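Enquirer: Right, I'll just put the structure down here and ask away after.
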Amino acid sequence: MTPFAPIRKWPEAVAFVVEHHGDDFRKGTRVPYLTHLMAVAETLASAYPERDALIVAGLLHDVVEDTEVTFEGLEARFGPEVAALVRAVSKDDEAMVAADGRPVPPKPRSPQDERALWRRRREFMLAHVRGPDVPADVLRLKAADALANLTSIARDLANPAVGEGVWERFKVGRGESLWFYREVTAAVEAGIGGEPPAAALRRALAAVSAEAPG
């Protein structure tokens, strides 16, 4: 068996996420956030071992949304393909406001405003993964991200020390969170439904939905 060539930009990407996410934890836990990024990259490397930019984008997919890194900086460092994939799955308030013409409510925001903004952001993000023209790699990246999140939620639901309390970590609770993952799963199914990450995502959603009544 011929060994695979090294993943282009992988060592640099690992150093980059350690620099920018190294002290971060998963919401409401002491689980290092890097484990989520590695889980996403692992899913992509397993299913699409020849797609270097996709694997690297899996590792970097939250770095603009959650740190001071910009899309322009990411492109300069890792190239336009990686930056475009990260942009497609990132919260981007500037682009959202440009698209719908409504400003983001200033802080401090009421709980009602926060929930409305959460929904608006998710609808904007979903627009990037719905429809026949969405690039397959965008759906693959989104599927791997959602799969990692749902796997983590399922693990916490099964933990007696956490259980249904896991939903308290999310701004909008169980119902809206599951709505979003159902919509992501539907978009993934429509575009790459025959690929392994889509099947894994479907199973993960079913497991979490079964654990969460209502």
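Starting from 1 in every chain, residues are counted up; chains themselves are A, B, ... following the order of the structure tokens, and ligands are numbered from 1 as listed.
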Any chance you could tabulate, as a Markdown table, the residues of range 30-93 of chain A at most 7 Å from range 143-153 of chain A with each one's nearest atom pair and distance in Å to one decimal, using only C-alpha atoms, in chain and rising number order?

Expert:
| residue | atom | partner | partner_atom | distance |
| --- | --- | --- | --- | --- |
| A:His36 | CA | A:Ala148 | CA | 6.5 |
| A:Ala39 | CA | A:Ala148 | CA | 6.2 |
| A:Val40 | CA | A:Ala144 | CA | 5.2 |
| A:Thr43 | CA | A:Ala144 | CA | 6.1 |
| A:Leu44 | CA | A:Ala144 | CA | 6.7 |

Enquirer: DSSP on the backbone: what in range 68-202 of chain A comes out helix (DSSP H, G or I), as number ranges by chain?

Expert: A: 71-78, 80-88, 93-100, 111-127, 136-157, 163-169, 173-192, 196-202

Enquirer: As a list in words, please: the residues near range 105-119 of chain A (cut-off 12 Å, only C-alpha atoms, same-chain neighbours under 6 positions excluded).

Expert: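 Counting only the stated atoms, we get Lys91, Asp93, Met96, Val97, Met125, Leu126, Phe170, Lys171, Val172, Gly173, Gly175, Glu176, Ser177, Trp179 and Phe180 of chain A.
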